[in-house]
Structures are given as structure tokens and as C-alpha cells.
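Have a look at the structure below before the remarks.
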Amino acid sequence: MRLVADVHGAVAALRRVAREPGPLLILGDLINFIDYRTNRGIVTDVSGQAFTDQMVALRTAGESYAAGELWREFRKGREAELQAAYAEAIEAAFDDILGALDGVESYVTYGNVDRPELIREKLAPPGRFLDGEVVNIEGRRVGFAGGGIVSIGTPGEVSEEEMAAKLEQIGDVDLLCTHVPPALKALQTDVVGGRAKGSLAILEYIEQRQPPWHYFGDVHQPQATTWRVGATVSRNVGYFRATGRAWNHA
């Protein structure tokens with residue numbers, strides 16, 4: 001089986017990888033709001049380059065409040081117009097990225113930038129959307145728990161309580177697949193973005209259940225890609241938009 005995360009709109013690369021042999025597991029963040037390397041994405045398409053450049057500068061400097069104020073000022077008086085434009089762009093982005101999976105044995109969960117209801121609606125069989133569920137893939141029990149940590153109010157964020165409930169529902173598995181890492185400094189910290197994105201609920205699940213493997217994404221430039229937690233190997237499968245490569249699980 002092959003795993004990718006943080007596709008972020010890389011349609012051509014996903015289509016290529018999807019046509020390679022074996023099931024494909026996608027661990028969230030399918031669409032691209034802002035690529036922080038280029039400042040391109042849905043935000044730029046809808047709100048313009050100048051706004052995006054300002055937003056990225058503030059967020060990478062850790063000025064979250066100022067970034068929020070910039071957004072509130074930008075949308076003042078045209079809330080409905082912007083909401084409609086973003087809704088249209090987001091739906092088109094999901095059509096493109098999920099279209100790359102047509103006819104492919106794929107297993108998809110969601111990340112913090114995603115809208116899970118749109119993935120569930122638009123992902124055609126044999127693709128499957130999974131969240132808080134276990135499926136047998138190549139003779140292994142694989143559990144999926146989607147969503148990102150609560151941060152800036154994106155649709156795919158889930159609380160620690162919600163994440164813990166999903167993991168309890170999953171129970172014991174051979175592979176755990178999540179979007180976010182466990183709350184371990186080396187795995188959760190982006191050395192460029194600086195924000196810690198780990199989940200305590202995931203860490204506690206791993207410590208208690210000890211699945212042989214845990215795969216995740218979300219952190220584009222991590223301090224470490226792999227960490228052992230007891231008997232569990234926890235691995236970041238990589239920033240697919242940048243690499244165009246899947247991680248192969250033997």
C-alpha cells in the first residue's frame with residue numbers, strides 16, 4: 001500500500017501516483033488554500049496576490065491576531081460575495097483532486113483545510129472516505145481518524161475530545177492513519193512555519209494501544225520524520241505537493 005498526505009491541489013502528481021499498482025491511502029489536506037513557498041492557492045485566486053502576501057508574512061511571523069484583523073478588515077462589507085467566491089473555488093478544487101482518483105482503490109480521510117462532507121459526497125467508488133473507522137487493506141487492520149487540531153477555525157479542525165472518541169472507536173489496529181502527528185516536539189513542529197500541530201489524544205492512543213505503525217502528515221517541514229514511541233513507529237509520509245512521491249508500506 002502507498003500513502004500520501006498534504007496533496008494541496010497537486011492534481012497531476014496525484015493522478016500519476018494513483019495509477020501505480022496497489023491501494024492508495026490519502027491522509028488529508030487535499031486542497032490548497034496557500035502554498036507558503038509560492039503564496040499561490042485558492043486565497044490568492046479569490047482575494048488577490050497582495051492580500052495573500054500580507055497574510056503569509058503575518059502568519060509566518062507568528063502574528064496570528066494581526067492576520068485575523070487583516071482578514072476581518074478585508075472582508076468587511078463584502079462577506080456574502082467572498083463567501084460565494086470561496087465556496088465555488090473550494091468545490092471546483094475538490095472536483096479536480098478527487099477526479100484524479102477515478103477508478104482507483106483509494107482510502108481517503110480529511111485534514112484541517114478540507115471539508116469532509118464534500119469528500120464524502122464527491123469521492124466515487126471504489127474510493128472510500130473513512131473517519132473513525134477500520135478497514136482491512138492487504139490483510140492489515142487500518143484505522144483512520146481525520147481532522148486537524150483546533151487552531152484558526154478551518155472546517156477540518158477537531159477537538160482533542162472528538163479525536164479521542166474516534167480513536168476509541170477504532171480500537172486496536174496494525175496501522176493507524178491520521179492527518180496530524182502525536183504531540184511530540186520533533187514530529188509536531190514545523191521548522192519553517194513554527195507552529196506545533198500535534199495531538200495529545202493521538203499520543204495517548206499510541207502509548208496505550210501500541211499499533212506497530214502510525215502514519216500522518218500535516219507538518220510540511222518537520223524536525224524529524226520518524227519517531228519510535230514504545231513499539232510504535234510514527235512516521236510523517238511527506239509533503240506530497242512538494243515531493244510528488246508516495247510512501248510505500250511493505
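Chains: A, B, ... in order of the C-alpha cells. Residues: from 1 per chain. Ligands: from 1, in order shown.
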
9 Å contact set for A:Ala10, only C-alpha atoms, chain neighbours under 6 positions out, as number ranges by chain:
A: 30-32, 97, 240-242, 244

So that I can check the surroundings of stretch 46-54 of chain A, please list as a PDB file with N, CA and C atoms, in the first residue's frame every protein, DNA and RNA residue that reaches within 8 Å of it, counting only C-alpha atoms and ignoring chain neighbours fewer than 2 positions away.
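Ended up saving to selection_2.pdb:
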```pdb
ATOM      1  N   ILE A  34      -3.185  28.097   0.554  1.00  0.00           N
ATOM      2  CA  ILE A  34      -1.970  28.885   0.327  1.00  0.00           C
ATOM      3  C   ILE A  34      -0.772  27.947   0.360  1.00  0.00           C
ATOM      4  N   ASN A  39       3.136  31.351  -2.252  1.00  0.00           N
ATOM      5  CA  ASN A  39       1.989  32.225  -1.968  1.00  0.00           C
ATOM      6  C   ASN A  39       0.891  32.091  -3.030  1.00  0.00           C
ATOM      7  N   ARG A  40       0.783  30.887  -3.604  1.00  0.00           N
ATOM      8  CA  ARG A  40      -0.277  30.622  -4.569  1.00  0.00           C
ATOM      9  C   ARG A  40      -1.299  29.679  -3.958  1.00  0.00           C
ATOM     10  N   ILE A  42      -5.950  28.974  -3.446  1.00  0.00           N
ATOM     11  CA  ILE A  42      -7.320  29.480  -3.512  1.00  0.00           C
ATOM     12  C   ILE A  42      -7.416  30.894  -2.964  1.00  0.00           C
ATOM     13  N   VAL A  43      -6.710  31.170  -1.869  1.00  0.00           N
ATOM     14  CA  VAL A  43      -6.758  32.510  -1.275  1.00  0.00           C
ATOM     15  C   VAL A  43      -6.263  33.548  -2.275  1.00  0.00           C
ATOM     16  N   THR A  44      -5.192  33.240  -2.967  1.00  0.00           N
ATOM     17  CA  THR A  44      -4.665  34.168  -3.969  1.00  0.00           C
ATOM     18  C   THR A  44      -5.646  34.342  -5.122  1.00  0.00           C
ATOM     19  N   VAL A  56       0.506  35.852   4.568  1.00  0.00           N
ATOM     20  CA  VAL A  56       1.605  34.909   4.778  1.00  0.00           C
ATOM     21  C   VAL A  56       2.696  35.534   5.644  1.00  0.00           C
ATOM     22  N   ALA A  57       3.026  36.787   5.390  1.00  0.00           N
ATOM     23  CA  ALA A  57       4.054  37.466   6.175  1.00  0.00           C
ATOM     24  C   ALA A  57       3.672  37.513   7.652  1.00  0.00           C
ATOM     25  N   LEU A  58       2.424  37.808   7.945  1.00  0.00           N
ATOM     26  CA  LEU A  58       1.973  37.883   9.329  1.00  0.00           C
ATOM     27  C   LEU A  58       1.956  36.506   9.991  1.00  0.00           C
ATOM     28  N   LEU A  82     -17.570  37.285  -0.933  1.00  0.00           N
ATOM     29  CA  LEU A  82     -16.387  36.465  -0.722  1.00  0.00           C
ATOM     30  C   LEU A  82     -16.754  35.031  -0.354  1.00  0.00           C
ATOM     31  N   ALA A  85     -17.636  33.245  -3.516  1.00  0.00           N
ATOM     32  CA  ALA A  85     -16.463  33.020  -4.368  1.00  0.00           C
ATOM     33  C   ALA A  85     -15.596  31.893  -3.810  1.00  0.00           C
ATOM     34  N   TYR A  86     -15.410  31.879  -2.489  1.00  0.00           N
ATOM     35  CA  TYR A  86     -14.612  30.816  -1.889  1.00  0.00           C
ATOM     36  C   TYR A  86     -15.320  29.465  -2.007  1.00  0.00           C
ATOM     37  N   ALA A  89     -14.789  28.166  -5.504  1.00  0.00           N
ATOM     38  CA  ALA A  89     -13.409  27.742  -5.728  1.00  0.00           C
ATOM     39  C   ALA A  89     -13.091  26.445  -4.990  1.00  0.00           C
TER      40      ALA A  89
END
```

Counting only C-alpha atoms, the residue of A:Gly171, A:Gly41, A:Gly22, A:Pro182 that sits nearest A:His249:
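Counting only C-alpha atoms, the residue closest to A:His249 is A:Gly22.
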
Go through A:Asp102, A:Glu207, A:Glu88, A:Asp114 one by one, measure the shortest atom-to-atom distance of each to A:Thr154 using only C-alpha atoms, and give the residue with the smallest value.
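Between A:Asp102, A:Glu207, A:Glu88, A:Asp114, the residue approaching A:Thr154 most closely is A:Asp114.
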
So how far away is atom CA of A:Val219 from atom CA of A:Val150, in Å?
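Distance between the two atoms: 14.7 Å.
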
In stretch 74-232 of chain A, DSSP alpha helix (DSSP H) residues written as JSON, numbers by chain
{"A": [74, 75, 79, 80, 81, 82, 83, 84, 85, 86, 87, 88, 89, 90, 91, 92, 93, 94, 95, 96, 97, 98, 99, 116, 117, 118, 119, 120, 121, 122, 160, 161, 162, 163, 164, 165, 166, 167, 168, 169, 170, 185, 186, 187, 188, 200, 201, 202, 203, 204, 205, 206, 207, 208, 209]}

Find the residues near A:Ser151: any atom within 10 Å, counting only C-alpha atoms, skip ones fewer than 5 places away on the same chain, and give them as number ranges by chain.
A: 64, 112, 157-159, 195, 197

Determine, for each residue of stretch 26-113 of chain A having at least one atom at most 8 Å from an atom of stretch 118-129 of chain A, the closest pair of atoms and their separation in Å to one decimal, counting only C-alpha atoms; order by chain and ascending number, as a Markdown table.
```
| residue | atom | partner | partner_atom | distance |
| --- | --- | --- | --- | --- |
| A:Glu91 | CA | A:Leu118 | CA | 7.6 |
| A:Phe94 | CA | A:Ile119 | CA | 7.2 |
| A:Asp95 | CA | A:Lys122 | CA | 7.0 |
| A:Leu98 | CA | A:Leu123 | CA | 5.9 |
| A:Gly99 | CA | A:Leu123 | CA | 7.9 |
| A:Leu101 | CA | A:Gly127 | CA | 7.3 |
| A:Asp102 | CA | A:Ala124 | CA | 6.7 |
| A:Gly103 | CA | A:Pro126 | CA | 6.2 |
| A:Val104 | CA | A:Pro126 | CA | 6.3 |
| A:Glu105 | CA | A:Pro126 | CA | 5.4 |
| A:Ser106 | CA | A:Gly127 | CA | 4.6 |
| A:Tyr107 | CA | A:Arg128 | CA | 4.9 |
| A:Val108 | CA | A:Phe129 | CA | 4.8 |
| A:Thr109 | CA | A:Phe129 | CA | 5.8 |
| A:Tyr110 | CA | A:Ile119 | CA | 8.0 |
```

Keeping N, CA and C atoms, export the residues of the selection given above as a compact mmCIF listing (two decimals), in the first residue's frame.
```txt
# COMPACT_ATOMS: atom_id res chain seq x y z
N GLU A 91 -15.24 24.03 -4.08
CA GLU A 91 -15.93 22.90 -4.72
C GLU A 91 -15.21 22.48 -5.99
N PHE A 94 -12.08 20.45 -5.09
CA PHE A 94 -12.37 19.06 -4.73
C PHE A 94 -12.75 18.24 -5.96
N ASP A 95 -13.47 18.82 -6.90
CA ASP A 95 -13.79 18.11 -8.14
C ASP A 95 -12.51 17.69 -8.85
N LEU A 98 -10.35 15.00 -6.56
CA LEU A 98 -10.99 13.69 -6.42
C LEU A 98 -11.18 13.03 -7.79
N GLY A 99 -11.27 13.84 -8.84
CA GLY A 99 -11.33 13.30 -10.18
C GLY A 99 -10.07 12.52 -10.54
N LEU A 101 -8.71 10.44 -8.77
CA LEU A 101 -8.82 9.12 -8.14
C LEU A 101 -9.86 8.24 -8.81
N ASP A 102 -10.43 8.67 -9.92
CA ASP A 102 -11.45 7.88 -10.61
C ASP A 102 -10.94 6.48 -10.93
N GLY A 103 -11.69 5.47 -10.49
CA GLY A 103 -11.35 4.08 -10.78
C GLY A 103 -10.22 3.51 -9.95
N VAL A 104 -9.77 4.25 -8.93
CA VAL A 104 -8.61 3.84 -8.14
C VAL A 104 -9.06 3.31 -6.77
N GLU A 105 -8.43 2.22 -6.31
CA GLU A 105 -8.67 1.75 -4.94
C GLU A 105 -7.99 2.73 -3.99
N SER A 106 -8.80 3.62 -3.44
CA SER A 106 -8.24 4.67 -2.58
C SER A 106 -9.03 4.74 -1.29
N TYR A 107 -8.33 5.15 -0.23
CA TYR A 107 -8.90 5.30 1.10
C TYR A 107 -8.51 6.69 1.57
N VAL A 108 -9.50 7.54 1.80
CA VAL A 108 -9.25 8.97 1.99
C VAL A 108 -9.81 9.43 3.33
N THR A 109 -9.02 10.13 4.11
CA THR A 109 -9.53 10.86 5.26
C THR A 109 -9.22 12.35 5.05
N TYR A 110 -9.58 13.17 6.00
CA TYR A 110 -9.50 14.61 5.77
C TYR A 110 -8.52 15.29 6.72
```

Go through A:Arg209, A:Arg228, A:Arg245, A:Lys166 and flag the residue nearest A:Glu133, using only C-alpha atoms for the distances.
A:Lys166

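Separating atom CA of A:Arg72 from atom CA of A:Gly153 is a distance of 13.6 Å.
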
Can you check which residues of stretch 32-232 of chain A DSSP gives as strand (DSSP E) on the backbone and send them as JSON, numbers by chain?
{"A": [106, 107, 108, 109, 128, 129, 133, 134, 135, 136, 137, 140, 141, 142, 143, 144, 145, 175, 176, 177, 178, 213, 214, 215, 216, 226, 227, 228, 229, 232]}

Go through A:Leu27, A:Ala246, A:Met55, A:Val191 and flag the residue nearest A:Thr178, using only C-alpha atoms for the distances.
A:Leu27

Work out how far apart atom CA of A:Tyr205 and atom CA of A:Asp29 are and give it in Å to one decimal.
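We find that atom CA of A:Tyr205 and atom CA of A:Asp29 lie 22.3 Å from each other.
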
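Comparing the minimum interatomic distances between A:Asn236 and each of A:Gln210, A:Gln223, A:Thr60, A:Gln83, counting only C-alpha atoms, we find that A:Gln223 sits nearest.
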
Residues at most 9 Å from stretch 184-189 of chain A, counting only C-alpha atoms, excluding those fewer than 5 positions away in the same chain, as a VMD selection string?
chain A and resid 194 to 200 203 218 to 219 221 to 227 234 to 236

Restricting the output to C-alpha atoms, write the selected residues as a CSV table (one decimal), in the first residue's frame.
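Result file is again_25.csv:
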```csv
chain,number,residue,atom,x,y,z
A,194,GLY,CA,7.0,27.3,13.6
A,195,ARG,CA,3.6,26.1,14.8
A,196,ALA,CA,3.2,22.9,16.8
A,197,LYS,CA,0.4,20.8,15.4
A,198,GLY,CA,0.4,17.6,17.5
A,199,SER,CA,-2.5,15.9,19.2
A,200,LEU,CA,-2.3,14.7,22.8
A,203,LEU,CA,-0.1,10.3,21.6
A,218,ASP,CA,0.2,18.0,8.2
A,219,VAL,CA,3.8,19.1,9.2
A,221,GLN,CA,9.0,20.7,7.2
A,222,PRO,CA,9.3,18.6,10.4
A,223,GLN,CA,12.3,18.4,12.7
A,224,ALA,CA,12.1,14.6,12.3
A,225,THR,CA,10.1,12.4,10.0
A,226,THR,CA,10.2,9.3,12.1
A,227,TRP,CA,10.0,8.6,15.9
A,234,SER,CA,5.3,7.0,14.0
A,235,ARG,CA,6.1,8.4,10.5
A,236,ASN,CA,5.4,11.6,8.6
```

What's the 7 Å shell around A:Tyr239, counting only C-alpha atoms, without same-chain residues fewer than 5 positions away, as a ChimeraX atom specification?
/A:5-6,220
